[in-house]
Each structure stands twice: as C-alpha cells, then as structure tokens.
Amino acid sequence: MKINSKIFDALHNAKNVAIFCHIRPDADSLGSSCALKMYLEKMGKAADMYCDADDISINYNFIKNVNKFNNPILREYDTAIALDCADLGRLGKYGVMYNQIENRINIDHHITNDNFGMVNCVVNCSSTGEILYNIFKAIKVKPDREIAMALYAAIASDTGCFQHSNTTSDAHKVVGQLLRYKFDLNKANYFLFKRRSYGQVMLMQTALKNLKLYLDGKLAIMFLKSTNFKECNVSNNESFGLVDYCVNIEKVEVGILISEIKPNLYAVSVRGKGNVDCSKLTGMFGGGGHANAAGCNIFGTCNSVINKLIRATRKFL
Ligand SMILES: [Mn+2]
C-alpha cells in the first residue's frame, strides 16, 4: 500500500490527539478510532475520541474503548485526526473543533475524499481499518489483541463480511495477520452480523408476511407500519438487513423495504443486484445512494407509496 509519507512525521510529532469519526458511525469508523487511540497510546501519546452521535449501538460493545467517545480527558490538542470521513461535513458538529486544531490529518478510503486535512492519507482500499494497519506496520508499531479485534471489526464490516467487491487479496492478507493475535473471532462476528433482539426477529416475521412480488417477479416489496415497530418494541432505525430478504429472492432485480417513520411518511430502502441503478430510482424521489444500495423518503399511504415505487421501478426494468 502506498502511504503519504508526511503522515509518519505528523504521527511522530503528535502528543495530544483528538480523533474524529463520522456521523451515524459504522464499525469501520468506530473500530478505526478505537484502534488508533490504542496504537497512539502504545507510542506514548494521548488521545480522546469524538463522534457526533447521541448513542452508539450496543452491537459495538465488543470493541475496547468504544464507550469512551465524547468523554475527553485532555484539555488541549496539537493534532486532529479524522477517520473514514470523505469530507468535513461527515464530522457533523465536530467539524468546527477539527478545524481549530493546529495539525490536521485526514485518513480515509473513499475515492470521493476532498482532501480537507493538512496531511491527507487517502487510499482506495477496503476500509480505513486496512489503512491504519499498514500505517502502523510501516512505523513498526505492532497491534495487540484488542487493536486486532478493533481493526477486524472495521475491515469485516466495510466488506460486508468479506462479500462486497472491495474484498481484495490485500484486505484478506491484513486480516490473516490480525488473526495471529487470537482475538475472539466468534464474538466479533456475532455482534457485527448476527445479534438481534427478540423484537427484531418478530419484526422480521411481520415484514416477511408483508412481502409481495411485482413486475413479473423482478420487484419485491415488503412494508412495515409504525404499529408493527411498536408491537415488537423495536425503534424504526433497527430494521437493518430485512431488505436483503427481498433482493436475495431469485429473479428479483430490485428489493425494497418501506418503513413508516411518521404518519404517512415512509423511509424507503432499495437494494439491487447490479442490473438496475438503485440510486437513479431513489433519485426520482429526492433520495440518493449507490448503484446497489440506495434510499429515499416518500409521503403517502402505504398503498400509494407501493404504487409509486412499482411505477417508478417499471421504467428501469
Ligand atoms: Mn469505511
């Protein structure tokens, strides 16, 4: 991996570091932040971590230090490091604080990164976790069991458990090295990919009952009303993964989950298999996203939202 060598001096010169991860934090930004804090402490430096989020999912509790966000011990910082953020906006309310710190580093793997730091280390690879491993390998700071677990969380989650197209030979090689530190792989994978509350499984039951095929079986839509979330005691941001049941059906090109988030307002999650650009479909409703995963919000009754989505999807098939 080619790393901007300016980062090595910047890390060696740092004493008190503020680490920033992105809004709506995922396991790459959280795992990378915790790993970086531990790496820096091994080098005799001190670090606090900041994240613009009200609370962090307990699914990430297996990562050491993940409970230490927004609990600063230091008073002043000489160095700020943003992780997994393609632009300053991703830091949310902490963007202002980042810009007030003297030395500003930006470490990220998104090709859209706008190099908002003073020292930018942007590498097109699986995850920010993979970059961190290579930076510290280059300066000969070894991981330990806890760092390895945090970096594993970062890489495993951004590659969708080694299933997305960013799963490279290099990413596997890094994980191969991390596994030497004998962290609890079962525990990490359970928390990252399998753990559900009973309510979430009951919600899945409802969603599957509400699943229907349209357009010659090329479109699958499932819906959840706000009463369904209440009955199962699940908040409406905890339905992740359900839409995959739609798109995984054979012959289905577009899978959609619509969830009522307010009376007559539906959050729409769209997944594809590669033949339909889902971001163009959600774009018709003012949403966005990627080719195979996109989202938008649509006003209306459940039936009218479904009908709008059927009509829109027909144009792409
Ligand atoms: Mn990432």
# chains A, B, ... in the order shown; residues from 1 in each chain; ligands from 1
>>> residues_near_ligand(ligand="ligand 1", cutoff="10 Å", atoms="only C-alpha atoms and all ligand atoms", output="PDB file with N, CA and C atoms, in the first residue's frame")
ATOM      1  N   HIS A  22     -17.199   9.567  11.962  1.00  0.00           N
ATOM      2  CA  HIS A  22     -18.283  10.254  11.255  1.00  0.00           C
ATOM      3  C   HIS A  22     -19.650  10.078  11.906  1.00  0.00           C
ATOM      4  N   PRO A  25     -22.216   6.561  13.019  1.00  0.00           N
ATOM      5  CA  PRO A  25     -20.957   5.798  12.934  1.00  0.00           C
ATOM      6  C   PRO A  25     -21.188   4.322  12.633  1.00  0.00           C
ATOM      7  N   ASP A  26     -20.330   3.763  11.784  1.00  0.00           N
ATOM      8  CA  ASP A  26     -20.355   2.332  11.493  1.00  0.00           C
ATOM      9  C   ASP A  26     -19.138   1.683  12.156  1.00  0.00           C
ATOM     10  N   ALA A  27     -18.994   0.379  11.954  1.00  0.00           N
ATOM     11  CA  ALA A  27     -17.913  -0.325  12.644  1.00  0.00           C
ATOM     12  C   ALA A  27     -16.537   0.053  12.090  1.00  0.00           C
ATOM     13  N   ASP A  28     -16.461   0.524  10.833  1.00  0.00           N
ATOM     14  CA  ASP A  28     -15.163   0.962  10.312  1.00  0.00           C
ATOM     15  C   ASP A  28     -14.712   2.222  11.043  1.00  0.00           C
ATOM     16  N   SER A  29     -15.595   3.214  11.141  1.00  0.00           N
ATOM     17  CA  SER A  29     -15.172   4.461  11.793  1.00  0.00           C
ATOM     18  C   SER A  29     -14.953   4.242  13.295  1.00  0.00           C
ATOM     19  N   LEU A  30     -15.812   3.454  13.943  1.00  0.00           N
ATOM     20  CA  LEU A  30     -15.653   3.225  15.386  1.00  0.00           C
ATOM     21  C   LEU A  30     -14.429   2.346  15.674  1.00  0.00           C
ATOM     22  N   GLY A  31     -14.304   1.254  14.946  1.00  0.00           N
ATOM     23  CA  GLY A  31     -13.183   0.337  15.159  1.00  0.00           C
ATOM     24  C   GLY A  31     -11.857   1.023  14.859  1.00  0.00           C
ATOM     25  N   SER A  32     -11.807   1.797  13.772  1.00  0.00           N
ATOM     26  CA  SER A  32     -10.584   2.526  13.427  1.00  0.00           C
ATOM     27  C   SER A  32     -10.224   3.535  14.512  1.00  0.00           C
ATOM     28  N   LEU A  83     -11.149  10.145  10.716  1.00  0.00           N
ATOM     29  CA  LEU A  83     -11.080   8.780  10.185  1.00  0.00           C
ATOM     30  C   LEU A  83     -12.355   8.435   9.421  1.00  0.00           C
ATOM     31  N   ASP A  84     -12.201   7.895   8.208  1.00  0.00           N
ATOM     32  CA  ASP A  84     -13.340   7.373   7.454  1.00  0.00           C
ATOM     33  C   ASP A  84     -14.320   8.460   7.024  1.00  0.00           C
ATOM     34  N   CYS A  85     -13.844   9.719   6.968  1.00  0.00           N
ATOM     35  CA  CYS A  85     -14.717  10.844   6.601  1.00  0.00           C
ATOM     36  C   CYS A  85     -14.303  11.380   5.233  1.00  0.00           C
ATOM     37  N   ALA A  86     -15.206  11.361   4.256  1.00  0.00           N
ATOM     38  CA  ALA A  86     -14.866  11.808   2.899  1.00  0.00           C
ATOM     39  C   ALA A  86     -14.811  13.332   2.796  1.00  0.00           C
ATOM     40  N   ASP A 108      -8.549   8.166   5.151  1.00  0.00           N
ATOM     41  CA  ASP A 108      -9.829   7.686   4.619  1.00  0.00           C
ATOM     42  C   ASP A 108      -9.618   6.814   3.389  1.00  0.00           C
ATOM     43  N   HIS A 109     -10.635   6.007   3.076  1.00  0.00           N
ATOM     44  CA  HIS A 109     -10.555   5.123   1.909  1.00  0.00           C
ATOM     45  C   HIS A 109     -11.600   5.436   0.842  1.00  0.00           C
ATOM     46  N   HIS A 110     -12.384   6.514   1.013  1.00  0.00           N
ATOM     47  CA  HIS A 110     -13.381   6.863  -0.007  1.00  0.00           C
ATOM     48  C   HIS A 110     -12.717   7.627  -1.153  1.00  0.00           C
ATOM     49  N   CYS A 125      -9.069   1.489  -0.819  1.00  0.00           N
ATOM     50  CA  CYS A 125      -8.948   0.094  -0.358  1.00  0.00           C
ATOM     51  C   CYS A 125     -10.215  -0.278   0.417  1.00  0.00           C
ATOM     52  N   SER A 126     -10.197  -1.429   1.061  1.00  0.00           N
ATOM     53  CA  SER A 126     -11.418  -1.953   1.669  1.00  0.00           C
ATOM     54  C   SER A 126     -12.022  -1.047   2.732  1.00  0.00           C
ATOM     55  N   SER A 127     -11.143  -0.433   3.538  1.00  0.00           N
ATOM     56  CA  SER A 127     -11.638   0.218   4.752  1.00  0.00           C
ATOM     57  C   SER A 127     -10.556   1.108   5.342  1.00  0.00           C
ATOM     58  N   THR A 128     -10.960   2.013   6.213  1.00  0.00           N
ATOM     59  CA  THR A 128      -9.990   2.823   6.939  1.00  0.00           C
ATOM     60  C   THR A 128      -9.155   1.931   7.863  1.00  0.00           C
ATOM     61  N   GLY A 129      -9.754   0.880   8.378  1.00  0.00           N
ATOM     62  CA  GLY A 129      -9.023  -0.064   9.222  1.00  0.00           C
ATOM     63  C   GLY A 129      -7.818  -0.664   8.508  1.00  0.00           C
ATOM     64  N   GLU A 130      -7.983  -1.000   7.233  1.00  0.00           N
ATOM     65  CA  GLU A 130      -6.870  -1.569   6.457  1.00  0.00           C
ATOM     66  C   GLU A 130      -5.729  -0.549   6.317  1.00  0.00           C
ATOM     67  N   ALA A 154     -13.505  -3.214  11.764  1.00  0.00           N
ATOM     68  CA  ALA A 154     -13.513  -2.201  10.703  1.00  0.00           C
ATOM     69  C   ALA A 154     -13.535  -2.859   9.324  1.00  0.00           C
ATOM     70  N   ILE A 155     -12.627  -3.802   9.102  1.00  0.00           N
ATOM     71  CA  ILE A 155     -12.477  -4.406   7.770  1.00  0.00           C
ATOM     72  C   ILE A 155     -13.656  -5.338   7.470  1.00  0.00           C
ATOM     73  N   SER A 157     -16.669  -5.301   8.629  1.00  0.00           N
ATOM     74  CA  SER A 157     -17.958  -4.654   8.437  1.00  0.00           C
ATOM     75  C   SER A 157     -18.009  -3.906   7.107  1.00  0.00           C
ATOM     76  N   ASP A 158     -16.923  -3.206   6.728  1.00  0.00           N
ATOM     77  CA  ASP A 158     -16.976  -2.454   5.462  1.00  0.00           C
ATOM     78  C   ASP A 158     -16.979  -3.369   4.238  1.00  0.00           C
ATOM     79  N   THR A 159     -16.481  -4.598   4.377  1.00  0.00           N
ATOM     80  CA  THR A 159     -16.528  -5.531   3.245  1.00  0.00           C
ATOM     81  C   THR A 159     -17.798  -6.381   3.281  1.00  0.00           C
TER      82      THR A 159
END
>>> select_by_dssp(residues="region 105-304 of chain A", states="alpha helix (DSSP H)", output="MDAnalysis selection string")
chainID A and resid 128:138 145:158 169:178 185:189 198:209 226:232 243:247 278:283 302:304
>>> closest_residue(among="A:Gln100, A:Gln163, A:Ser304, A:Ile111", to="Asp87 (chain A)", atoms="only C-alpha atoms")
A:Ile111
>>> residues_around(residues="region 269-278 of chain A", least_positions_apart="4", cutoff="6 Å", atoms="only C-alpha atoms", output="list in words")
Glu253, Val254, Gly255, Ile256, Leu257, Ala291, Asn292, Ala293, Ala294 and Gly295 of chain A
>>> residues_around(residues="Pro263 (chain A)", least_positions_apart="5", cutoff="12 Å", atoms="only C-alpha atoms", output="PyMOL selection string")
chain A and resi 225-227+298-302
>>> write_last_selection(atoms="N, CA and C atoms", output="PDB file, in the first residue's frame")
ATOM      1  N   LYS A 225     -45.425  -0.940   9.124  1.00  0.00           N
ATOM      2  CA  LYS A 225     -46.115   0.255   9.596  1.00  0.00           C
ATOM      3  C   LYS A 225     -45.623   0.594  10.997  1.00  0.00           C
ATOM      4  N   SER A 226     -45.868   1.826  11.417  1.00  0.00           N
ATOM      5  CA  SER A 226     -45.339   2.234  12.724  1.00  0.00           C
ATOM      6  C   SER A 226     -45.908   1.375  13.852  1.00  0.00           C
ATOM      7  N   THR A 227     -47.153   0.872  13.663  1.00  0.00           N
ATOM      8  CA  THR A 227     -47.728  -0.017  14.680  1.00  0.00           C
ATOM      9  C   THR A 227     -46.920  -1.317  14.800  1.00  0.00           C
ATOM     10  N   ILE A 298     -40.722   8.912   1.135  1.00  0.00           N
ATOM     11  CA  ILE A 298     -41.893   9.230   0.299  1.00  0.00           C
ATOM     12  C   ILE A 298     -43.118   9.428   1.195  1.00  0.00           C
ATOM     13  N   PHE A 299     -43.853  10.515   0.938  1.00  0.00           N
ATOM     14  CA  PHE A 299     -45.107  10.770   1.648  1.00  0.00           C
ATOM     15  C   PHE A 299     -46.249   9.984   1.008  1.00  0.00           C
ATOM     16  N   GLY A 300     -47.229   9.589   1.807  1.00  0.00           N
ATOM     17  CA  GLY A 300     -48.424   8.945   1.264  1.00  0.00           C
ATOM     18  C   GLY A 300     -48.867   7.781   2.129  1.00  0.00           C
ATOM     19  N   THR A 301     -49.991   7.189   1.745  1.00  0.00           N
ATOM     20  CA  THR A 301     -50.420   5.981   2.444  1.00  0.00           C
ATOM     21  C   THR A 301     -49.533   4.830   1.984  1.00  0.00           C
ATOM     22  N   CYS A 302     -49.582   3.743   2.747  1.00  0.00           N
ATOM     23  CA  CYS A 302     -48.751   2.590   2.415  1.00  0.00           C
ATOM     24  C   CYS A 302     -48.998   2.148   0.976  1.00  0.00           C
TER      25      CYS A 302
END
>>> closest_residue(among="A:Ala148, A:Ala14, A:Ile63, A:Met97", to="Phe191 (chain A)", atoms="only C-alpha atoms")
A:Ile63
>>> closest_residue(among="A:Ser5, A:Ser169, A:Asn113, A:Asn59", to="Arg90 (chain A)", atoms="only C-alpha atoms")
A:Asn113
>>> residues_around(residues="Tyr266 (chain A)", least_positions_apart="3", cutoff="7 Å", atoms="only C-alpha atoms", output="list in words")
Ile258, Ser259, Glu260, Ile261, Asn297, Ile298 and Phe299 of chain A
>>> residues_around(residues="Lys6 (chain A)", least_positions_apart="6", cutoff="10 Å", atoms="only C-alpha atoms", output="ChimeraX atom specification")
/A:105,118-121
>>> atom_distance(atom1="CA of Arg311 (chain A)", atom2="CA of Leu215 (chain A)")
9.5 Å
>>> select_by_dssp(residues="region 140-226 of chain A", states="strand (DSSP E or B)", output="list in words")
Lys212, Leu213, Tyr214, Leu219, Ala220, Ile221, Met222, Phe223 and Leu224 of chain A
>>> write_last_selection(atoms="N, CA and C atoms", output="compact mmCIF listing (two decimals), in the first residue's frame")
# COMPACT_ATOMS: atom_id res chain seq x y z
N LYS A 212 -44.32 -8.99 -1.01
CA LYS A 212 -45.03 -9.38 -2.24
C LYS A 212 -44.14 -9.12 -3.45
N LEU A 213 -44.38 -9.92 -4.51
CA LEU A 213 -43.64 -9.75 -5.77
C LEU A 213 -44.49 -8.97 -6.77
N TYR A 214 -43.83 -8.14 -7.58
CA TYR A 214 -44.48 -7.36 -8.63
C TYR A 214 -43.64 -7.43 -9.90
N LEU A 219 -39.51 -7.40 -8.99
CA LEU A 219 -39.53 -6.41 -7.90
C LEU A 219 -40.16 -7.07 -6.69
N ALA A 220 -39.49 -6.97 -5.53
CA ALA A 220 -40.06 -7.45 -4.26
C ALA A 220 -40.17 -6.28 -3.30
N ILE A 221 -41.33 -6.10 -2.71
CA ILE A 221 -41.53 -5.01 -1.75
C ILE A 221 -42.09 -5.59 -0.45
N MET A 222 -41.52 -5.20 0.67
CA MET A 222 -42.10 -5.50 1.98
C MET A 222 -42.34 -4.19 2.70
N PHE A 223 -43.37 -4.15 3.54
CA PHE A 223 -43.63 -2.90 4.27
C PHE A 223 -43.76 -3.14 5.77
N LEU A 224 -43.45 -2.11 6.55
CA LEU A 224 -43.64 -2.13 8.00
C LEU A 224 -44.32 -0.83 8.40
>>> residues_around(residues="Ser239 (chain A)", least_positions_apart="2", cutoff="10 Å", atoms="only C-alpha atoms", output="PDB file with N, CA and C atoms, in the first residue's frame")
ATOM      1  N   GLN A 200     -36.676  -7.711  17.209  1.00  0.00           N
ATOM      2  CA  GLN A 200     -36.231  -7.586  15.821  1.00  0.00           C
ATOM      3  C   GLN A 200     -36.585  -8.830  15.004  1.00  0.00           C
ATOM      4  N   VAL A 201     -36.485  -9.996  15.632  1.00  0.00           N
ATOM      5  CA  VAL A 201     -36.840 -11.232  14.919  1.00  0.00           C
ATOM      6  C   VAL A 201     -38.358 -11.279  14.683  1.00  0.00           C
ATOM      7  N   LEU A 203     -40.212  -8.656  14.314  1.00  0.00           N
ATOM      8  CA  LEU A 203     -40.446  -7.669  13.263  1.00  0.00           C
ATOM      9  C   LEU A 203     -40.151  -8.283  11.886  1.00  0.00           C
ATOM     10  N   MET A 204     -39.126  -9.126  11.846  1.00  0.00           N
ATOM     11  CA  MET A 204     -38.770  -9.817  10.597  1.00  0.00           C
ATOM     12  C   MET A 204     -39.933 -10.694  10.139  1.00  0.00           C
ATOM     13  N   ALA A 207     -42.464  -8.471   8.614  1.00  0.00           N
ATOM     14  CA  ALA A 207     -42.001  -7.969   7.318  1.00  0.00           C
ATOM     15  C   ALA A 207     -42.114  -9.056   6.255  1.00  0.00           C
ATOM     16  N   LEU A 224     -43.447  -2.110   6.547  1.00  0.00           N
ATOM     17  CA  LEU A 224     -43.638  -2.132   7.998  1.00  0.00           C
ATOM     18  C   LEU A 224     -44.320  -0.829   8.401  1.00  0.00           C
ATOM     19  N   PHE A 229     -43.682  -1.654  14.416  1.00  0.00           N
ATOM     20  CA  PHE A 229     -42.488  -1.374  15.228  1.00  0.00           C
ATOM     21  C   PHE A 229     -42.862  -1.324  16.714  1.00  0.00           C
ATOM     22  N   VAL A 234     -39.471  -2.271  18.832  1.00  0.00           N
ATOM     23  CA  VAL A 234     -38.241  -2.026  18.069  1.00  0.00           C
ATOM     24  C   VAL A 234     -38.332  -0.615  17.503  1.00  0.00           C
ATOM     25  N   SER A 235     -37.254   0.170  17.587  1.00  0.00           N
ATOM     26  CA  SER A 235     -37.297   1.512  17.013  1.00  0.00           C
ATOM     27  C   SER A 235     -37.083   1.414  15.504  1.00  0.00           C
ATOM     28  N   ASN A 236     -37.571   2.455  14.780  1.00  0.00           N
ATOM     29  CA  ASN A 236     -37.618   2.302  13.313  1.00  0.00           C
ATOM     30  C   ASN A 236     -36.266   2.426  12.612  1.00  0.00           C
ATOM     31  N   ASN A 237     -35.180   2.597  13.381  1.00  0.00           N
ATOM     32  CA  ASN A 237     -33.851   2.523  12.746  1.00  0.00           C
ATOM     33  C   ASN A 237     -33.187   1.161  13.004  1.00  0.00           C
ATOM     34  N   GLY A 241     -30.987  -4.957   7.463  1.00  0.00           N
ATOM     35  CA  GLY A 241     -30.836  -6.339   6.990  1.00  0.00           C
ATOM     36  C   GLY A 241     -32.112  -6.927   6.413  1.00  0.00           C
ATOM     37  N   LEU A 242     -33.288  -6.384   6.808  1.00  0.00           N
ATOM     38  CA  LEU A 242     -34.539  -7.005   6.349  1.00  0.00           C
ATOM     39  C   LEU A 242     -34.710  -6.899   4.840  1.00  0.00           C
ATOM     40  N   VAL A 243     -34.290  -5.764   4.264  1.00  0.00           N
ATOM     41  CA  VAL A 243     -34.488  -5.556   2.825  1.00  0.00           C
ATOM     42  C   VAL A 243     -33.730  -6.597   1.998  1.00  0.00           C
ATOM     43  N   LEU A 257     -37.709  -2.210   0.993  1.00  0.00           N
ATOM     44  CA  LEU A 257     -38.421  -2.190   2.281  1.00  0.00           C
ATOM     45  C   LEU A 257     -38.917  -0.774   2.508  1.00  0.00           C
ATOM     46  N   SER A 259     -40.676   1.595   5.416  1.00  0.00           N
ATOM     47  CA  SER A 259     -40.972   1.650   6.854  1.00  0.00           C
ATOM     48  C   SER A 259     -41.607   2.987   7.188  1.00  0.00           C
TER      49      SER A 259
END
>>> atom_distance(atom1="CA of Ile19 (chain A)", atom2="CA of Ala156 (chain A)")
21.3 Å
>>> atom_distance(atom1="CA of Lys218 (chain A)", atom2="CA of Glu250 (chain A)")
8.7 Å
>>> closest_residue(among="A:Val305, A:Ile131, A:Val66, A:Val17", to="Asn4 (chain A)", atoms="only C-alpha atoms")
A:Ile131
>>> closest_residue(among="A:Val122, A:Ile81, A:Met1, A:Leu132", to="Tyr39 (chain A)", atoms="only C-alpha atoms")
A:Leu132
>>> closest_residue(among="A:Asn264, A:Ser33, A:Ser197, A:Asn106", to="Ala153 (chain A)", atoms="only C-alpha atoms")
A:Ser33
>>> decode(residues="region 217-235 of chain A", atoms="N, CA and C atoms", output="mmCIF file, in the first residue's frame")
data_model
loop_
_atom_site.group_PDB
_atom_site.id
_atom_site.type_symbol
_atom_site.label_atom_id
_atom_site.label_comp_id
_atom_site.auth_asym_id
_atom_site.auth_seq_id
_atom_site.Cartn_x
_atom_site.Cartn_y
_atom_site.Cartn_z
ATOM 1 N N GLY A 217 -42.199 -10.705 -11.068
ATOM 2 C CA GLY A 217 -41.280 -11.273 -10.077
ATOM 3 C C GLY A 217 -39.914 -10.608 -10.049
ATOM 4 N N LYS A 218 -39.764 -9.453 -10.727
ATOM 5 C CA LYS A 218 -38.471 -8.762 -10.725
ATOM 6 C C LYS A 218 -38.371 -7.719 -9.611
ATOM 7 N N LEU A 219 -39.510 -7.396 -8.993
ATOM 8 C CA LEU A 219 -39.529 -6.415 -7.904
ATOM 9 C C LEU A 219 -40.161 -7.066 -6.686
ATOM 10 N N ALA A 220 -39.492 -6.968 -5.526
ATOM 11 C CA ALA A 220 -40.058 -7.453 -4.258
ATOM 12 C C ALA A 220 -40.168 -6.277 -3.305
ATOM 13 N N ILE A 221 -41.333 -6.103 -2.712
ATOM 14 C CA ILE A 221 -41.529 -5.012 -1.750
ATOM 15 C C ILE A 221 -42.089 -5.587 -0.450
ATOM 16 N N MET A 222 -41.520 -5.197 0.668
ATOM 17 C CA MET A 222 -42.105 -5.502 1.976
ATOM 18 C C MET A 222 -42.344 -4.186 2.700
ATOM 19 N N PHE A 223 -43.366 -4.147 3.543
ATOM 20 C CA PHE A 223 -43.630 -2.899 4.268
ATOM 21 C C PHE A 223 -43.761 -3.144 5.766
ATOM 22 N N LEU A 224 -43.447 -2.110 6.547
ATOM 23 C CA LEU A 224 -43.638 -2.132 7.998
ATOM 24 C C LEU A 224 -44.320 -0.829 8.401
ATOM 25 N N LYS A 225 -45.425 -0.940 9.124
ATOM 26 C CA LYS A 225 -46.115 0.255 9.596
ATOM 27 C C LYS A 225 -45.623 0.594 10.997
ATOM 28 N N SER A 226 -45.868 1.826 11.417
ATOM 29 C CA SER A 226 -45.339 2.234 12.724
ATOM 30 C C SER A 226 -45.908 1.375 13.852
ATOM 31 N N THR A 227 -47.153 0.872 13.663
ATOM 32 C CA THR A 227 -47.728 -0.017 14.680
ATOM 33 C C THR A 227 -46.920 -1.317 14.800
ATOM 34 N N ASN A 228 -46.381 -1.804 13.670
ATOM 35 C CA ASN A 228 -45.573 -3.037 13.704
ATOM 36 C C ASN A 228 -44.329 -2.829 14.576
ATOM 37 N N PHE A 229 -43.682 -1.654 14.416
ATOM 38 C CA PHE A 229 -42.488 -1.374 15.228
ATOM 39 C C PHE A 229 -42.862 -1.324 16.714
ATOM 40 N N LYS A 230 -44.023 -0.682 16.993
ATOM 41 C CA LYS A 230 -44.463 -0.558 18.403
ATOM 42 C C LYS A 230 -44.752 -1.926 19.005
ATOM 43 N N GLU A 231 -45.495 -2.753 18.261
ATOM 44 C CA GLU A 231 -45.849 -4.091 18.749
ATOM 45 C C GLU A 231 -44.605 -4.913 19.108
ATOM 46 N N CYS A 232 -43.548 -4.733 18.328
ATOM 47 C CA CYS A 232 -42.339 -5.534 18.535
ATOM 48 C C CYS A 232 -41.339 -4.828 19.447
ATOM 49 N N ASN A 233 -41.686 -3.603 19.881
ATOM 50 C CA ASN A 233 -40.797 -2.841 20.761
ATOM 51 C C ASN A 233 -39.418 -2.610 20.112
ATOM 52 N N VAL A 234 -39.471 -2.271 18.832
ATOM 53 C CA VAL A 234 -38.241 -2.026 18.069
ATOM 54 C C VAL A 234 -38.332 -0.615 17.503
ATOM 55 N N SER A 235 -37.254 0.170 17.587
ATOM 56 C CA SER A 235 -37.297 1.512 17.013
ATOM 57 C C SER A 235 -37.083 1.414 15.504
#
